[in-house]
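A.B. asks: Got a structure for you, data.tsv, holding TSV, C-alpha atoms and all ligand atoms.
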```
chain	number	residue	atom	x	y	z
A	286	MET	CA	-11.04	14.43	14.07
A	287	THR	CA	-7.77	13.45	12.50
A	288	THR	CA	-9.29	10.91	10.15
A	289	ALA	CA	-7.76	11.77	6.82
A	290	GLU	CA	-10.90	11.41	4.76
A	291	PRO	CA	-11.54	13.39	1.61
A	292	ALA	CA	-15.34	13.55	1.72
A	293	GLU	CA	-16.24	16.69	3.66
A	294	GLY	CA	-13.19	18.66	2.73
A	295	ASP	CA	-13.69	18.14	-0.97
A	296	ALA	CA	-17.29	19.22	-0.91
A	297	ALA	CA	-16.70	22.52	0.84
A	298	PRO	CA	-13.39	24.32	0.96
A	299	ALA	CA	-12.40	24.72	4.57
A	300	ALA	CA	-9.87	27.10	5.99
A	301	GLY	CA	-6.60	25.40	6.83
A	302	PRO	CA	-4.19	26.68	9.48
A	303	SER	CA	-2.93	29.16	6.93
A	304	GLY	CA	-6.36	30.82	7.10
A	305	ARG	CA	-6.79	30.45	3.37
A	306	SER	CA	-9.15	28.21	1.49
A	307	ARG	CA	-7.87	24.69	1.33
A	308	ARG	CA	-8.39	24.61	-2.41
A	309	SER	CA	-5.94	27.40	-2.96
A	310	ARG	CA	-3.18	25.95	-0.81
A	311	SER	CA	-0.01	25.52	-2.76
A	312	VAL	CA	1.91	22.26	-2.82
A	313	PRO	CA	4.74	23.59	-0.57
A	314	ASP	CA	2.10	24.83	1.85
A	315	LEU	CA	0.39	21.41	1.89
A	316	ILE	CA	3.70	19.66	2.46
A	317	ALA	CA	4.63	22.01	5.29
A	318	GLY	CA	1.17	21.44	6.78
A	319	ALA	CA	1.49	17.66	6.55
A	320	ARG	CA	4.90	17.81	8.24
A	321	ASP	CA	3.29	19.90	10.94
A	322	GLY	CA	0.63	17.34	11.76
A	323	ASP	CA	-2.20	19.00	9.84
A	324	ALA	CA	-4.56	16.13	8.97
A	325	ARG	CA	-6.32	18.14	6.29
A	326	ALA	CA	-3.09	18.70	4.44
A	327	VAL	CA	-2.34	14.97	4.63
A	328	ALA	CA	-5.84	14.20	3.33
A	329	ARG	CA	-5.49	16.67	0.49
A	330	LEU	CA	-2.14	15.23	-0.59
A	331	ILE	CA	-3.54	11.70	-0.63
A	332	SER	CA	-6.50	12.95	-2.66
A	333	LEU	CA	-4.04	14.32	-5.22
A	334	VAL	CA	-2.54	10.83	-5.44
A	335	GLU	CA	-5.97	9.25	-5.81
A	336	ASP	CA	-6.98	11.71	-8.50
A	337	GLU	CA	-3.71	11.17	-10.39
A	338	SER	CA	-3.26	14.91	-10.26
A	339	PRO	CA	-0.70	16.63	-12.50
A	340	LEU	CA	0.57	18.24	-9.29
A	341	LEU	CA	1.94	14.88	-8.15
A	342	ARG	CA	5.27	15.54	-9.78
A	343	GLU	CA	5.74	18.58	-7.55
A	344	VAL	CA	4.29	16.78	-4.52
A	345	MET	CA	6.68	13.82	-4.82
A	346	ALA	CA	9.67	16.09	-5.38
A	347	GLY	CA	8.74	18.05	-2.26
A	348	LEU	CA	8.16	14.96	-0.11
A	349	ALA	CA	11.29	13.06	-1.13
A	350	PRO	CA	13.66	14.50	1.49
A	351	TYR	CA	11.28	13.59	4.30
A	352	THR	CA	10.65	9.95	3.45
A	353	GLY	CA	12.26	6.71	4.58
A	354	ASN	CA	11.44	6.76	8.26
A	355	ALA	CA	8.09	4.95	8.43
A	356	GLN	CA	7.92	1.20	8.75
A	357	ILE	CA	5.32	-0.04	6.29
A	358	VAL	CA	3.41	-2.99	7.71
A	359	GLY	CA	1.12	-4.90	5.36
A	360	ILE	CA	-1.79	-6.82	6.85
A	361	THR	CA	-3.25	-9.59	4.78
A	362	GLY	CA	-5.46	-12.64	5.16
A	363	SER	CA	-8.77	-14.15	4.10
A	364	PRO	CA	-11.97	-12.11	4.30
A	365	GLY	CA	-13.33	-12.00	7.83
A	366	VAL	CA	-10.15	-13.27	9.48
A	367	GLY	CA	-9.98	-10.11	11.59
A	368	LYS	CA	-7.73	-7.74	9.65
A	369	SER	CA	-9.65	-4.60	10.53
A	370	THR	CA	-10.15	-5.58	14.15
A	371	SER	CA	-6.44	-6.39	14.40
A	372	THR	CA	-5.49	-3.12	12.74
A	373	ASN	CA	-7.55	-1.26	15.31
A	374	ALA	CA	-5.93	-3.21	18.14
A	375	LEU	CA	-2.48	-2.62	16.67
A	376	VAL	CA	-3.10	1.11	16.51
A	377	THR	CA	-3.99	1.05	20.21
A	378	ALA	CA	-0.82	-0.86	21.07
A	379	LEU	CA	1.41	1.31	18.88
A	380	ARG	CA	-0.07	4.49	20.34
A	381	ARG	CA	0.63	3.14	23.80
A	382	ALA	CA	4.23	2.78	22.69
A	383	GLY	CA	4.20	6.45	21.70
A	384	LYS	CA	4.30	5.93	17.95
A	385	ARG	CA	2.60	8.09	15.35
A	386	VAL	CA	0.52	5.75	13.21
A	387	GLY	CA	-0.93	5.84	9.71
A	388	VAL	CA	-3.57	3.43	8.50
A	389	LEU	CA	-4.19	2.97	4.81
A	390	ALA	CA	-7.07	0.72	3.85
A	391	VAL	CA	-6.79	-0.06	0.16
A	392	ASP	CA	-9.54	-1.50	-1.94
A	393	PRO	CA	-8.06	-2.61	-5.23
A	394	SER	CA	-11.39	-3.86	-6.52
A	395	SER	CA	-13.39	-0.72	-5.98
A	396	PRO	CA	-13.41	2.36	-8.17
A	397	PHE	CA	-14.82	4.33	-5.25
A	398	SER	CA	-13.05	5.45	-2.15
A	399	GLY	CA	-14.78	5.20	1.18
A	400	GLY	CA	-18.04	3.39	0.67
A	401	ALA	CA	-16.97	-0.20	0.89
A	402	LEU	CA	-14.88	0.52	3.94
A	403	LEU	CA	-17.57	2.00	6.10
A	404	GLY	CA	-17.55	-0.98	8.44
A	405	ASP	CA	-13.80	-0.63	8.87
A	406	ARG	CA	-14.14	3.03	9.60
A	407	VAL	CA	-16.65	2.35	12.33
A	408	ARG	CA	-14.18	0.01	13.98
A	409	MET	CA	-11.60	2.77	13.80
A	410	GLN	CA	-13.72	5.17	15.85
A	411	ASP	CA	-11.57	4.35	18.87
A	412	HIS	CA	-8.86	6.48	17.30
A	413	ALA	CA	-10.94	9.13	15.61
A	414	LEU	CA	-9.95	11.84	18.07
A	415	ASP	CA	-6.28	10.97	18.28
A	416	ARG	CA	-4.15	13.57	16.52
A	417	GLU	CA	-1.28	11.13	16.16
A	418	VAL	CA	-3.28	8.71	14.03
A	419	TYR	CA	-4.08	9.17	10.34
A	420	ILE	CA	-6.68	6.86	8.92
A	421	ARG	CA	-7.42	6.84	5.26
A	422	SER	CA	-9.28	4.52	2.98
A	423	MET	CA	-8.33	4.64	-0.62
A	424	ALA	CA	-9.50	3.14	-3.85
A	425	SER	CA	-6.66	2.13	-6.10
A	426	ARG	CA	-8.77	2.81	-9.09
A	427	GLY	CA	-8.16	3.00	-12.65
A	428	HIS	CA	-6.03	2.38	-15.60
A	429	LEU	CA	-2.71	2.94	-13.96
A	430	GLY	CA	-2.73	-0.47	-12.44
A	431	GLY	CA	-3.86	-1.38	-8.97
A	432	LEU	CA	-1.63	-1.15	-5.98
A	433	SER	CA	1.54	-0.66	-7.95
A	434	TRP	CA	1.21	3.00	-8.56
A	435	THR	CA	-1.05	4.88	-6.17
A	436	THR	CA	-0.43	3.04	-2.93
A	437	PRO	CA	3.32	3.70	-2.72
A	438	GLN	CA	2.70	7.38	-3.30
A	439	ALA	CA	0.05	7.54	-0.57
A	440	LEU	CA	2.57	5.77	1.66
A	441	ARG	CA	5.11	8.47	0.88
A	442	VAL	CA	2.67	11.10	2.06
A	443	LEU	CA	2.08	9.32	5.38
A	444	ASP	CA	5.79	8.67	5.77
A	445	ALA	CA	6.68	12.32	5.22
A	446	ALA	CA	3.90	13.31	7.63
A	447	GLY	CA	5.99	11.70	10.35
A	448	CYS	CA	4.25	8.37	10.83
A	449	ASP	CA	6.52	5.87	12.57
A	450	VAL	CA	4.42	2.96	11.38
A	451	VAL	CA	1.92	2.75	8.53
A	452	LEU	CA	-0.45	-0.19	8.56
A	453	VAL	CA	-1.79	-1.15	5.14
A	454	GLU	CA	-4.86	-3.33	5.02
A	455	THR	CA	-6.18	-4.53	1.69
A	456	VAL	CA	-9.84	-5.17	1.31
A	457	GLY	CA	-11.01	-7.77	-1.11
A	458	VAL	CA	-9.39	-10.93	-2.27
A	459	GLY	CA	-7.00	-12.23	-4.80
A	460	GLN	CA	-3.61	-11.21	-5.97
A	461	SER	CA	-3.59	-8.16	-3.75
A	462	GLU	CA	-2.37	-10.40	-0.95
A	463	VAL	CA	0.87	-11.02	-2.71
A	464	GLU	CA	1.02	-7.50	-4.08
A	465	ILE	CA	0.84	-6.02	-0.61
A	466	ALA	CA	3.90	-7.97	0.40
A	467	GLY	CA	5.75	-6.17	-2.36
A	468	LEU	CA	4.82	-2.83	-0.83
A	469	ALA	CA	5.56	-3.56	2.80
A	470	ASP	CA	8.69	-3.69	4.92
A	471	THR	CA	6.95	-6.22	7.12
A	472	THR	CA	4.02	-8.41	6.12
A	473	LEU	CA	1.62	-9.85	8.68
A	474	VAL	CA	-0.38	-12.82	7.51
A	475	LEU	CA	-3.51	-13.44	9.54
A	476	VAL	CA	-5.14	-16.82	9.77
A	477	ALA	CA	-7.90	-18.10	12.03
A	478	PRO	CA	-9.15	-21.47	13.20
A	479	GLY	CA	-12.06	-23.03	11.36
A	480	MET	CA	-11.35	-21.27	8.08
A	481	GLY	CA	-9.22	-23.96	6.51
A	482	ASP	CA	-6.58	-21.28	6.51
A	483	GLY	CA	-3.61	-23.55	6.93
A	484	ILE	CA	-4.28	-25.30	3.65
A	485	GLN	CA	-5.41	-22.11	1.93
A	486	ALA	CA	-2.21	-20.42	3.01
A	487	ALA	CA	-0.12	-23.10	1.37
A	488	LYS	CA	-2.17	-22.85	-1.80
A	489	ALA	CA	-2.16	-19.10	-2.08
A	490	GLY	CA	1.57	-18.82	-1.69
A	491	ILE	CA	1.05	-16.95	1.54
A	492	LEU	CA	3.80	-18.92	3.22
A	493	GLU	CA	6.32	-17.15	1.07
A	494	ILE	CA	5.20	-13.66	2.03
A	495	GLY	CA	4.67	-13.73	5.79
A	496	ASP	CA	7.25	-12.08	8.02
A	497	LEU	CA	5.01	-12.74	10.97
A	498	TYR	CA	2.01	-15.04	11.27
A	499	VAL	CA	-0.91	-14.16	13.46
A	500	VAL	CA	-3.39	-16.83	14.45
A	501	ASN	CA	-6.33	-14.60	15.31
A	502	LYS	CA	-9.57	-15.68	17.00
A	503	ALA	CA	-7.48	-17.68	19.44
A	504	ASP	CA	-10.54	-17.67	21.71
A	505	ARG	CA	-11.96	-20.28	19.34
A	506	ASP	CA	-11.19	-23.98	19.27
A	507	GLY	CA	-8.41	-25.10	17.02
A	508	ALA	CA	-5.97	-22.17	17.27
A	509	ASP	CA	-3.24	-24.51	18.52
A	510	VAL	CA	-3.78	-26.84	15.58
A	511	VAL	CA	-3.47	-23.93	13.17
A	512	ARG	CA	-0.26	-22.84	14.89
A	513	ARG	CA	1.18	-26.34	14.69
A	514	ASP	CA	0.28	-26.66	11.00
A	515	LEU	CA	1.84	-23.30	10.26
A	516	ARG	CA	4.97	-24.15	12.20
A	517	ASN	CA	5.36	-27.37	10.21
A	518	MET	CA	4.88	-25.63	6.91
A	519	ILE	CA	7.34	-22.87	7.81
A	520	ALA	CA	9.88	-25.49	8.87
A	521	LEU	CA	9.62	-27.07	5.44
A	522	ALA	CA	10.49	-23.83	3.71
A	523	ASP	CA	13.97	-23.69	2.31
A	524	ARG	CA	15.87	-21.13	4.38
A	525	THR	CA	19.46	-20.22	4.88
A	526	ALA	CA	20.84	-20.29	8.42
A	527	ASP	CA	20.75	-16.53	8.96
A	528	ALA	CA	17.34	-16.07	7.35
A	529	TRP	CA	14.47	-14.56	9.26
A	530	ARG	CA	12.28	-17.16	10.91
A	531	PRO	CA	8.72	-15.84	10.96
A	532	PRO	CA	7.26	-15.98	14.46
A	533	ILE	CA	3.70	-17.18	15.03
A	534	VAL	CA	1.60	-15.22	17.51
A	535	LEU	CA	-1.83	-16.11	18.84
A	536	THR	CA	-4.22	-13.18	19.27
A	537	VAL	CA	-7.76	-12.28	20.16
A	538	ALA	CA	-8.02	-9.02	18.25
A	539	GLN	CA	-11.29	-8.03	19.89
A	540	THR	CA	-9.78	-7.97	23.37
A	541	GLY	CA	-6.25	-7.07	22.34
A	542	GLN	CA	-4.83	-10.29	23.75
A	543	GLY	CA	-1.46	-11.08	22.17
A	544	VAL	CA	-1.30	-7.80	20.27
A	545	ASP	CA	1.69	-6.45	22.23
A	546	GLU	CA	3.52	-9.58	21.15
A	547	VAL	CA	2.71	-8.77	17.53
A	548	VAL	CA	4.11	-5.26	18.04
A	549	ALA	CA	7.26	-6.76	19.55
A	550	GLY	CA	7.53	-9.07	16.53
A	551	ILE	CA	7.17	-6.11	14.16
A	552	ASP	CA	9.99	-4.31	16.04
A	553	GLU	CA	12.22	-7.38	15.91
A	554	HIS	CA	11.62	-7.79	12.24
A	555	ARG	CA	12.54	-4.16	11.63
A	556	ALA	CA	15.76	-4.60	13.58
A	557	TRP	CA	16.62	-7.73	11.59
A	558	MET	CA	15.77	-5.99	8.32
A	559	GLU	CA	18.13	-3.15	9.16
A	560	SER	CA	21.03	-5.30	10.30
A	561	SER	CA	20.74	-7.80	7.45
A	562	GLY	CA	20.45	-5.21	4.70
A	563	GLU	CA	17.10	-6.66	3.70
A	564	LEU	CA	15.30	-3.36	4.40
A	565	GLU	CA	17.43	-1.57	1.85
A	566	ARG	CA	17.00	-4.40	-0.65
A	567	ARG	CA	13.24	-4.43	-0.32
A	568	ARG	CA	13.01	-0.67	-0.59
A	569	VAL	CA	15.18	-0.53	-3.68
A	570	ARG	CA	13.09	-3.25	-5.29
A	571	ARG	CA	9.94	-1.34	-4.41
A	572	ALA	CA	11.23	1.95	-5.76
A	573	ARG	CA	12.32	0.18	-8.93
A	574	ASP	CA	8.80	-1.16	-9.48
A	575	GLU	CA	7.38	2.27	-8.82
A	576	VAL	CA	9.72	4.04	-11.23
A	577	GLU	CA	9.04	1.41	-13.85
A	578	ALA	CA	5.27	1.72	-13.42
A	579	ILE	CA	5.44	5.48	-13.87
A	580	ALA	CA	7.73	5.22	-16.89
A	581	VAL	CA	5.61	2.56	-18.58
A	582	THR	CA	2.48	4.59	-17.92
A	583	SER	CA	3.99	7.61	-19.54
A	584	LEU	CA	5.31	5.61	-22.48
A	585	ARG	CA	1.87	4.15	-22.99
A	586	ALA	CA	0.27	7.59	-22.94
A	587	ARG	CA	2.75	8.84	-25.55
A	588	TRP	CA	2.20	5.73	-27.62
A	589	SER	CA	-1.56	6.15	-27.84
A	590	ASP	CA	-0.94	9.78	-28.70
A	591	VAL	CA	1.27	8.73	-31.62
A	592	HIS	CA	-1.26	6.11	-32.59
A	593	GLU	CA	-3.93	8.73	-32.90
A	594	ARG	CA	-1.82	11.08	-34.91
A	595	THR	CA	-0.01	8.78	-37.32
A	596	GLU	CA	-1.46	7.30	-40.40
A	597	LEU	CA	-1.07	3.68	-39.37
A	598	ASP	CA	-3.73	2.69	-41.88
A	599	ALA	CA	-1.89	4.50	-44.62
A	600	LEU	CA	1.36	2.78	-43.65
A	601	ALA	CA	-0.41	-0.58	-43.69
A	602	GLU	CA	-1.87	0.11	-47.11
A	603	GLN	CA	1.61	0.89	-48.42
A	604	VAL	CA	2.81	-2.45	-47.05
A	605	VAL	CA	-0.08	-4.28	-48.73
A	606	ALA	CA	0.61	-2.49	-52.01
A	607	GLY	CA	4.26	-3.48	-51.87
A	608	GLU	CA	5.32	0.19	-51.74
A	609	SER	CA	6.78	-0.30	-48.31
A	610	ASP	CA	7.71	-3.20	-46.07
A	611	PRO	CA	6.68	-3.87	-42.46
A	612	TYR	CA	10.10	-2.85	-41.08
A	613	ARG	CA	10.11	0.46	-42.85
A	614	ALA	CA	6.55	1.13	-41.76
A	615	ALA	CA	7.42	0.27	-38.15
A	616	ASP	CA	10.41	2.62	-38.35
A	617	ALA	CA	8.14	5.39	-39.51
A	618	LEU	CA	5.87	4.76	-36.55
A	619	LEU	CA	8.75	4.71	-34.05
A	620	GLU	CA	10.11	7.91	-35.52
A	621	ALA	CA	6.84	9.66	-34.81
A	622	TYR	CA	6.96	8.17	-31.32
A	623	THR	CA	10.40	9.47	-30.39
A	624	GLU	CA	9.47	12.86	-31.76
A	625	ALA	CA	6.33	13.00	-29.60
B	701	LIG	N1	-14.18	-14.58	18.20
B	701	LIG	C1	-13.42	-13.65	17.64
B	701	LIG	N2	-13.94	-12.88	16.68
B	701	LIG	C2	-13.16	-11.95	16.11
B	701	LIG	C3	-11.80	-11.74	16.51
B	701	LIG	N3	-11.27	-10.75	15.76
B	701	LIG	C4	-12.24	-10.33	14.93
B	701	LIG	N4	-13.38	-11.04	15.15
B	701	LIG	C5	-14.67	-10.88	14.45
B	701	LIG	O1	-14.55	-11.37	13.13
B	701	LIG	C6	-15.36	-10.61	12.24
B	701	LIG	C7	-14.51	-10.11	11.08
B	701	LIG	O2	-13.55	-9.20	11.57
B	701	LIG	P1	-12.90	-8.07	10.66
B	701	LIG	O3	-11.89	-7.38	11.50
B	701	LIG	O4	-13.93	-7.25	10.00
B	701	LIG	O5	-12.20	-8.97	9.56
B	701	LIG	P2	-11.50	-8.51	8.21
B	701	LIG	O6	-10.43	-9.47	7.95
B	701	LIG	O7	-11.12	-7.08	8.29
B	701	LIG	O8	-12.65	-8.68	7.18
B	701	LIG	P3	-12.71	-8.13	5.66
B	701	LIG	O9	-12.21	-6.72	5.67
B	701	LIG	O10	-14.16	-8.24	5.31
B	701	LIG	O11	-11.86	-9.06	4.86
B	701	LIG	C8	-15.96	-9.50	13.07
B	701	LIG	O12	-17.27	-9.87	13.44
B	701	LIG	C9	-15.07	-9.42	14.28
B	701	LIG	O13	-15.74	-8.94	15.42
B	701	LIG	C10	-11.29	-12.59	17.55
B	701	LIG	O14	-10.11	-12.50	17.94
B	701	LIG	N5	-12.13	-13.51	18.06
B	702	MG	MG	-11.56	-5.41	6.97
```
Could I get this file's structure written as structure tokens?
Ligand SMILES: Nc1nc2c(ncn2[C@@H]2O[C@H](COP(=O)(O)OP(=O)(O)OP(=O)(O)O)[C@@H](O)[C@H]2O)c(=O)[nH]1
Ligand SMILES: [Mg+2]
C.D. replies:
Amino acid sequence: MTTAEPAEGDAAPAAGPSGRSRRSRSVPDLIAGARDGDARAVARLISLVEDESPLLREVMAGLAPYTGNAQIVGITGSPGVGKSTSTNALVTALRRAGKRVGVLAVDPSSPFSGGALLGDRVRMQDHALDREVYIRSMASRGHLGGLSWTTPQALRVLDAAGCDVVLVETVGVGQSEVEIAGLADTTLVLVAPGMGDGIQAAKAGILEIGDLYVVNKADRDGADVVRRDLRNMIALADRTADAWRPPIVLTVAQTGQGVDEVVAGIDEHRAWMESSGELERRRVRRARDEVEAIAVTSLRARWSDVHERTELDALAEQVVAGESDPYRAADALLEAYTEA
């Protein structure tokens, strides 16, 4: 099974292709394994990301030369709209086109990986035996701040592992919809009839993030109305003449109807992104956010370190007593900080 899940492997060290215990595999060995299509190595590397391992510095340095190929496709939409079913159908269509596919299901609200995504995993069983598909659910837990930090690094792992396309589905609601657009080269926004999605889309700012709109559950009444509403709203958007015009595709994810058209739309968007320079722009913006998140995290860690060690109370008392002033006290604090 190529499913890149941490559970079993973490409980009991298993022998990798190197014949050694997985726990003792070095970072270069894991990277070589991942490049070689070893799903366990991919899983292990993503676990290092999830665990915020100190080895990540070495991992990211080792992966860097092999990244930049994968097209990151974000899949977003209201709960129950059919994101997981569509992801499954997209994997089928992409595999048919001979692509190596990664699937990252991210749950920004959950501190646990796996559990909440069980239902999604069951739907992914179609691909469980396919060696060219990596499926991983991941919690973006913790203090380092949601999607901004861990998800791009997990995407780097899948990219370096040779995935042509990585589908990212977020579970849960809220700002993650907009956040995911920041992470993706191409964002699919799913809507469905009978969910009031047209209006919700306008409210949630979803019309600004979609590169491609999918009206799923087209087997139900009202799909044409949703398409018309979307088309009208997109037409109202302020666009320059050479801007990308997001296509609207009707699908029935359960049967796969329309899904090849979605794949064609993803390909077209990629081609436009490359020729317009937008791909480069988006990737630079993304890398900038990532670098900033890491830097701020490390500044914050140093700051709390300084905070613990310096006599802030003593400095404050000096200010109160008139022996010092707030600027001098702040300077003393910053001095300790730059020395840390
Ligand atoms: N009629 C119909 N039902 C669909 C279609 N696609 C998905 N469904 C059903 O809609 C329900 C929700 O589908 P999911 O794929 O789990 O939706 P989701 O967006 O991943 O849901 P969350 O992850 O909970 O936000 C399931 O019962 C699917 O079988 C479709 O094209 N037509
Ligand atoms: Mg789902």
A.B. asks: Any chance you could tabulate, as a tab-separated table, the residues of chain A at most 7 Å from ligand LIG 701 (chain B) with each one's nearest atom pair and distance in Å to one decimal, using all atoms listed in the file, in chain and rising number order?
C.D. replies:
```
residue	atom	partner	partner_atom	distance
A:Gly362	CA	B:LIG701	O6	6.5
A:Ser363	CA	B:LIG701	O11	6.0
A:Pro364	CA	B:LIG701	O11	3.1
A:Gly365	CA	B:LIG701	O8	3.5
A:Val366	CA	B:LIG701	O6	4.1
A:Gly367	CA	B:LIG701	O5	3.2
A:Lys368	CA	B:LIG701	O6	3.6
A:Ser369	CA	B:LIG701	O7	3.7
A:Thr370	CA	B:LIG701	O3	3.6
A:Ser371	CA	B:LIG701	O3	6.3
A:Asp405	CA	B:LIG701	O4	6.7
A:Val456	CA	B:LIG701	O9	5.2
A:Gly457	CA	B:LIG701	O11	6.2
A:Asn501	CA	B:LIG701	O14	5.1
A:Lys502	CA	B:LIG701	O14	3.4
A:Ala503	CA	B:LIG701	O14	6.0
A:Asp504	CA	B:LIG701	N5	5.8
A:Arg505	CA	B:LIG701	N1	6.2
A:Thr536	CA	B:LIG701	O14	6.1
A:Val537	CA	B:LIG701	O14	3.2
A:Ala538	CA	B:LIG701	O14	4.1
A:Gln539	CA	B:LIG701	N3	4.9
```
A.B. asks: Select, from A:Leu475, A:Ile533, A:Gly322, A:Ser309, the residue with the minimum atom-to-atom distance to ligand MG 702 (chain B), counting only C-alpha atoms and all ligand atoms.
C.D. replies: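 Once distances to ligand MG 702 (chain B) are computed over only C-alpha atoms and all ligand atoms, the minimum belongs to A:Leu475.
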A.B. asks: What's the separation between CA of Asp506 in chain A and CA of Ala549 in chain A, in Å to one decimal place?
C.D. replies: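 Answer for the CA of Asp506 in chain A to CA of Ala549 in chain A separation: 25.2 Å.
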A.B. asks: Report, in Å to a single decimal, how far apart CA of Thr472 in chain A and CA of Glu563 in chain A are.
C.D. replies: 13.4 Å
A.B. asks: Which one of A:Asp590, A:Glu335, A:Glu417, A:Asp496 sits closest to Thr435 in chain A if you count all atoms listed in the file?
C.D. replies: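 Residue with the minimum atom-to-atom distance to Thr435 in chain A: A:Glu335.
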A.B. asks: State, in Å with one decimal place, the distance from CA of Ser583 in chain A to CA of Leu341 in chain A.
C.D. replies: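 Here the two named atoms are 13.7 Å from each other.
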A.B. asks: Which is closer to ligand MG 702 (chain B) than all the others in A:Glu575, A:Asp552, A:Glu608, A:Glu454, using only C-alpha atoms and all ligand atoms?
C.D. replies: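 Closest to ligand MG 702 (chain B), using only C-alpha atoms and all ligand atoms: A:Glu454.
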A.B. asks: So, counting only C-alpha atoms, which residue among A:Ala614, A:Ala445, A:Ala578, A:Val474 is closest to Glu602 in chain A?
C.D. replies: A:Ala614
A.B. asks: Of the residues A:Gln603, A:Ala522, A:Arg329, A:Pro437, which is the one nearest to Arg573 in chain A, using all atoms listed in the file?
C.D. replies: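 For Arg573 in chain A, the nearest of the given residues is A:Pro437.
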A.B. asks: With all atoms of range 415-419 of chain A from the file as input, state the centre and edge lengths in Å to one decimal of the axis-aligned box that has 8 Å extra on each side, as lines of an AutoDock Vina configuration file.
C.D. replies:
```
center_x = -3.8
center_y = 11.1
center_z = 14.3
size_x = 21.0
size_y = 20.9
size_z = 23.9
```
A.B. asks: Looking at A:Ala390, A:Ala349, A:Ala374, A:Ile519, which one is nearest to ligand MG 702 (chain B), with distances taken over only C-alpha atoms and all ligand atoms?
C.D. replies: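 When distances to ligand MG 702 (chain B) are compared using only C-alpha atoms and all ligand atoms, the smallest one comes from A:Ala390.
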A.B. asks: Near Val358 in chain A, within 7 Å and counting only C-alpha atoms, which residues show up once chain neighbours fewer than 6 positions away are dropped, as a list in words?
C.D. replies: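 Close residues of Val358 in chain A: Val451, Leu452, Val453, Ala469, Asp470, Thr471 and Thr472 of chain A.
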A.B. asks: Could you give me, as a PyMOL selection string, the residues within 10 Å of Gln438 in chain A, counting only C-alpha atoms and dropping anything in the same chain fewer than 3 positions from it?
C.D. replies: chain A and resi 330-331+333-335+341+344-345+348+432-435+441-444+575
A.B. asks: Place a sphere of radius 8 Å on (-5.8, -18.7, 11.0) in the file coordinates and name every protein, DNA or RNA residue with an atom inside or on its surface, counting only C-alpha atoms; give the answer as number ranges by chain.
C.D. replies: A: 366, 475-483, 499-502, 508, 511-512
A.B. asks: Which residues are close to Arg613 in chain A, i.e. within 12 Å by all atoms listed in the file, leaving aside same-chain residues fewer than 4 positions away? Reply as JSON, numbers by chain.
C.D. replies: {"A": [600, 601, 603, 604, 607, 608, 609, 617, 618, 619, 620]}
A.B. asks: How would the residues just chosen look if you wrote them out with C-alpha atoms as a CSV table (one decimal), in the coordinates of the input?
C.D. replies:
```csv
chain,number,residue,atom,x,y,z
A,600,LEU,CA,1.4,2.8,-43.6
A,601,ALA,CA,-0.4,-0.6,-43.7
A,603,GLN,CA,1.6,0.9,-48.4
A,604,VAL,CA,2.8,-2.4,-47.0
A,607,GLY,CA,4.3,-3.5,-51.9
A,608,GLU,CA,5.3,0.2,-51.7
A,609,SER,CA,6.8,-0.3,-48.3
A,617,ALA,CA,8.1,5.4,-39.5
A,618,LEU,CA,5.9,4.8,-36.6
A,619,LEU,CA,8.8,4.7,-34.0
A,620,GLU,CA,10.1,7.9,-35.5
```
A.B. asks: Since the input has fewer atoms than a full residue there, write range 555-564 of chain A out with N, CA and C atoms, as a tab-separated table (two decimals), in the coordinates of the input.
C.D. replies:
```
chain	number	residue	atom	x	y	z
A	555	ARG	N	11.91	-5.40	12.11
A	555	ARG	CA	12.54	-4.16	11.63
A	555	ARG	C	14.04	-4.17	11.94
A	556	ALA	N	14.35	-4.57	13.17
A	556	ALA	CA	15.76	-4.60	13.58
A	556	ALA	C	16.55	-5.58	12.70
A	557	TRP	N	15.95	-6.74	12.45
A	557	TRP	CA	16.62	-7.73	11.59
A	557	TRP	C	16.79	-7.20	10.17
A	558	MET	N	15.74	-6.54	9.68
A	558	MET	CA	15.77	-5.99	8.32
A	558	MET	C	16.91	-5.00	8.17
A	559	GLU	N	17.09	-4.17	9.23
A	559	GLU	CA	18.13	-3.15	9.16
A	559	GLU	C	19.51	-3.79	9.21
A	560	SER	N	19.68	-4.73	10.13
A	560	SER	CA	21.03	-5.30	10.30
A	560	SER	C	21.41	-6.22	9.15
A	561	SER	N	20.43	-6.85	8.53
A	561	SER	CA	20.74	-7.80	7.45
A	561	SER	C	20.86	-7.13	6.08
A	562	GLY	N	20.43	-5.88	6.00
A	562	GLY	CA	20.45	-5.21	4.70
A	562	GLY	C	19.20	-5.48	3.88
A	563	GLU	N	18.31	-6.30	4.43
A	563	GLU	CA	17.10	-6.66	3.70
A	563	GLU	C	16.17	-5.45	3.52
A	564	LEU	N	16.17	-4.55	4.49
A	564	LEU	CA	15.30	-3.36	4.40
A	564	LEU	C	15.66	-2.56	3.15
```
